[in-house]
Amino acid sequence: MATRTDAPTRREQILKEAARLFAERGFHGVGVDEIGAAVGISGPGLYRHFPGKDAMLAELLVGISGQLLTGAKRRVAEADGGGAEGLLDSLIEGHIDFALDDRPLITLHDRELDRLRDSDRKMVRQLQRQYVELWVGVVREVYPGLGEPAARSAVHSVFGLLNSTPHLGRGGVLPGRGATAELLHRMARGAFAAAGD
C-alpha cells in the first residue's frame, strides 16, 4: 500500500517476505531461517530487526490496519467538501489498491489473527472499527435513506467482496490489474446502490 518510490528498508523487506511465507504455509509452517534466507540474511540476523516471529505478525496485521485507516483519513481530508460520491469512489479505489497489492496480508489476517497477543488483536479490531465507521459515514452521505445498521452491513459486504482477491486467478495471478480493479469498483458501487434502494 506504500506509495514510496525509494527502495524498501531491510525491515520492510523482511515483513514483505514474512507475509508471503506466512500466507503460503501458515505462521507455524515457517521458520526464521526461511524468512532470513528470503531476504539474504541469516535467521538469527532477523533478531536485530524483530524480537521474533510473533512481533513480525503483530507488525504486519496492526500495521496494515493502521495504514488503511490513515489512508482513508487522508482521502477524506483531500476531498475537502468535494462531494460524498467522489469520496466514496476514492475510498473504494484505496481499498482496491490494498486488496490487489497486499493479498498475502488478507490471507494472513484471515488465518492468523487469533495468534496475536490479546493487546495486538484488540488494536487491530479497534483500527478496523474506526475504518468501518469512516466508510459508514460516507456511505450514509451518498445514500441518506440508508440506516446505520444497513450501511454498516453494506460496508462489511463490500470489504468481503474486495478482500476476495487472494482467491482470484490461478496461481495468484490476476487476469489484469486494471480490468480487475475496474470490475471490483463497479461491483462495490453496485452493492452500495443495491443496499441504498
# chains A, B, ... in the order shown; residues from 1 in each chain; ligands from 1

call {"tool": "residues_around", "arguments": {"residues": "Ser153 of chain A", "least_positions_apart": "3", "cutoff": "12 Å", "atoms": "only C-alpha atoms", "output": "PyMOL selection string"}}
result
chain A and resi 132-133+135-136+139-140+146-150+156-160+191-192+195-196

call {"tool": "residues_around", "arguments": {"residues": "Gly36 of chain A", "least_positions_apart": "4", "cutoff": "9 Å", "atoms": "only C-alpha atoms", "output": "MDAnalysis selection string"}}
result
chainID A and resid 14 17:18 31:32 40:46

call {"tool": "closest_residue", "arguments": {"among": "A:Ala77, A:Glu112, A:Arg117, A:Leu87", "to": "Ala55 of chain A", "atoms": "only C-alpha atoms"}}
result
A:Arg117

call {"tool": "closest_residue", "arguments": {"among": "A:Arg189, A:Arg20, A:Arg75, A:His28", "to": "Pro104 of chain A", "atoms": "only C-alpha atoms"}}
result
A:Arg20

call {"tool": "atom_distance", "arguments": {"atom1": "atom CA of Ala188 of chain A", "atom2": "atom CA of Ala19 of chain A"}}
result
26.4 Å

call {"tool": "residues_around", "arguments": {"residues": "Gly94 of chain A", "least_positions_apart": "2", "cutoff": "10 Å", "atoms": "only C-alpha atoms", "output": "JSON, numbers by chain"}}
result
{"A": [1, 68, 71, 72, 75, 88, 89, 90, 91, 92, 96, 97, 98, 99]}

call {"tool": "write_last_selection", "arguments": {"atoms": "all heavy atoms", "output": "compact mmCIF listing (two decimals), in the first residue's frame"}}
result
# COMPACT_ATOMS: atom_id res chain seq x y z
N MET A 1 0.81 -1.19 0.00
CA MET A 1 0.00 0.00 0.00
C MET A 1 0.86 1.26 0.00
O MET A 1 0.38 2.35 -0.23
CB MET A 1 -0.89 -0.02 1.24
CG MET A 1 -2.04 0.89 1.10
SD MET A 1 -3.24 0.55 2.35
CE MET A 1 -3.76 2.19 2.59
N LEU A 68 -4.52 1.35 6.47
CA LEU A 68 -5.82 1.52 5.81
C LEU A 68 -6.57 2.70 6.42
O LEU A 68 -7.14 3.53 5.69
CB LEU A 68 -6.65 0.24 5.92
CG LEU A 68 -6.25 -0.89 4.99
CD1 LEU A 68 -6.94 -2.18 5.39
CD2 LEU A 68 -6.56 -0.53 3.54
N GLY A 71 -4.82 6.00 5.45
CA GLY A 71 -5.10 6.31 4.04
C GLY A 71 -6.51 6.82 3.84
O GLY A 71 -6.73 7.77 3.07
N ALA A 72 -7.47 6.22 4.53
CA ALA A 72 -8.87 6.66 4.41
C ALA A 72 -9.04 8.07 4.96
O ALA A 72 -9.71 8.91 4.36
CB ALA A 72 -9.80 5.67 5.11
N ARG A 75 -7.73 10.51 2.48
CA ARG A 75 -8.66 10.70 1.37
C ARG A 75 -9.81 11.62 1.77
O ARG A 75 -10.25 12.44 0.98
CB ARG A 75 -9.16 9.35 0.87
CG ARG A 75 -8.10 8.56 0.13
CD ARG A 75 -8.55 7.12 -0.18
NE ARG A 75 -7.50 6.37 -0.81
CZ ARG A 75 -7.26 6.35 -2.12
NH1 ARG A 75 -8.03 7.04 -2.94
NH2 ARG A 75 -6.27 5.65 -2.61
N LEU A 88 -16.52 8.51 -1.84
CA LEU A 88 -16.78 7.07 -1.80
C LEU A 88 -15.96 6.36 -2.87
O LEU A 88 -15.36 5.31 -2.61
CB LEU A 88 -18.27 6.78 -1.96
CG LEU A 88 -18.66 5.30 -1.90
CD1 LEU A 88 -18.22 4.65 -0.58
CD2 LEU A 88 -20.18 5.15 -2.09
N ASP A 89 -15.92 6.93 -4.08
CA ASP A 89 -15.11 6.32 -5.14
C ASP A 89 -13.64 6.27 -4.73
O ASP A 89 -12.95 5.28 -4.97
CB ASP A 89 -15.26 7.11 -6.44
CG ASP A 89 -16.59 6.84 -7.14
OD1 ASP A 89 -17.13 5.73 -6.97
OD2 ASP A 89 -17.06 7.73 -7.86
N SER A 90 -13.15 7.34 -4.09
CA SER A 90 -11.77 7.38 -3.65
C SER A 90 -11.48 6.32 -2.58
O SER A 90 -10.44 5.65 -2.62
CB SER A 90 -11.45 8.78 -3.12
OG SER A 90 -10.12 8.85 -2.68
N LEU A 91 -12.40 6.15 -1.64
CA LEU A 91 -12.23 5.12 -0.61
C LEU A 91 -12.20 3.73 -1.24
O LEU A 91 -11.38 2.88 -0.87
CB LEU A 91 -13.35 5.20 0.43
CG LEU A 91 -13.31 6.40 1.38
CD1 LEU A 91 -14.58 6.44 2.22
CD2 LEU A 91 -12.07 6.36 2.26
N ILE A 92 -13.11 3.51 -2.19
CA ILE A 92 -13.14 2.21 -2.87
C ILE A 92 -11.82 1.97 -3.59
O ILE A 92 -11.23 0.88 -3.50
CB ILE A 92 -14.34 2.12 -3.83
CG1 ILE A 92 -15.65 2.09 -3.05
CG2 ILE A 92 -14.23 0.89 -4.73
CD1 ILE A 92 -16.90 2.28 -3.91
N ILE A 96 -9.23 -1.06 -2.98
CA ILE A 96 -8.88 -1.95 -4.09
C ILE A 96 -7.36 -2.02 -4.25
O ILE A 96 -6.81 -3.11 -4.47
CB ILE A 96 -9.57 -1.51 -5.39
CG1 ILE A 96 -11.07 -1.82 -5.31
CG2 ILE A 96 -8.94 -2.19 -6.61
CD1 ILE A 96 -11.89 -1.24 -6.45
N ASP A 97 -6.68 -0.89 -4.14
CA ASP A 97 -5.21 -0.91 -4.22
C ASP A 97 -4.64 -1.84 -3.17
O ASP A 97 -3.75 -2.65 -3.45
CB ASP A 97 -4.63 0.50 -4.04
CG ASP A 97 -4.82 1.38 -5.27
OD1 ASP A 97 -5.12 0.85 -6.37
OD2 ASP A 97 -4.69 2.61 -5.11
N PHE A 98 -5.14 -1.73 -1.93
CA PHE A 98 -4.69 -2.64 -0.88
C PHE A 98 -4.99 -4.09 -1.25
O PHE A 98 -4.13 -4.96 -1.16
CB PHE A 98 -5.37 -2.29 0.45
CG PHE A 98 -5.46 -3.45 1.41
CD1 PHE A 98 -4.33 -3.96 2.00
CD2 PHE A 98 -6.70 -4.03 1.69
CE1 PHE A 98 -4.41 -5.05 2.88
CE2 PHE A 98 -6.78 -5.10 2.55
CZ PHE A 98 -5.64 -5.62 3.15
N ALA A 99 -6.22 -4.34 -1.69
CA ALA A 99 -6.65 -5.71 -1.96
C ALA A 99 -5.87 -6.35 -3.11
O ALA A 99 -5.67 -7.57 -3.12
CB ALA A 99 -8.15 -5.74 -2.26
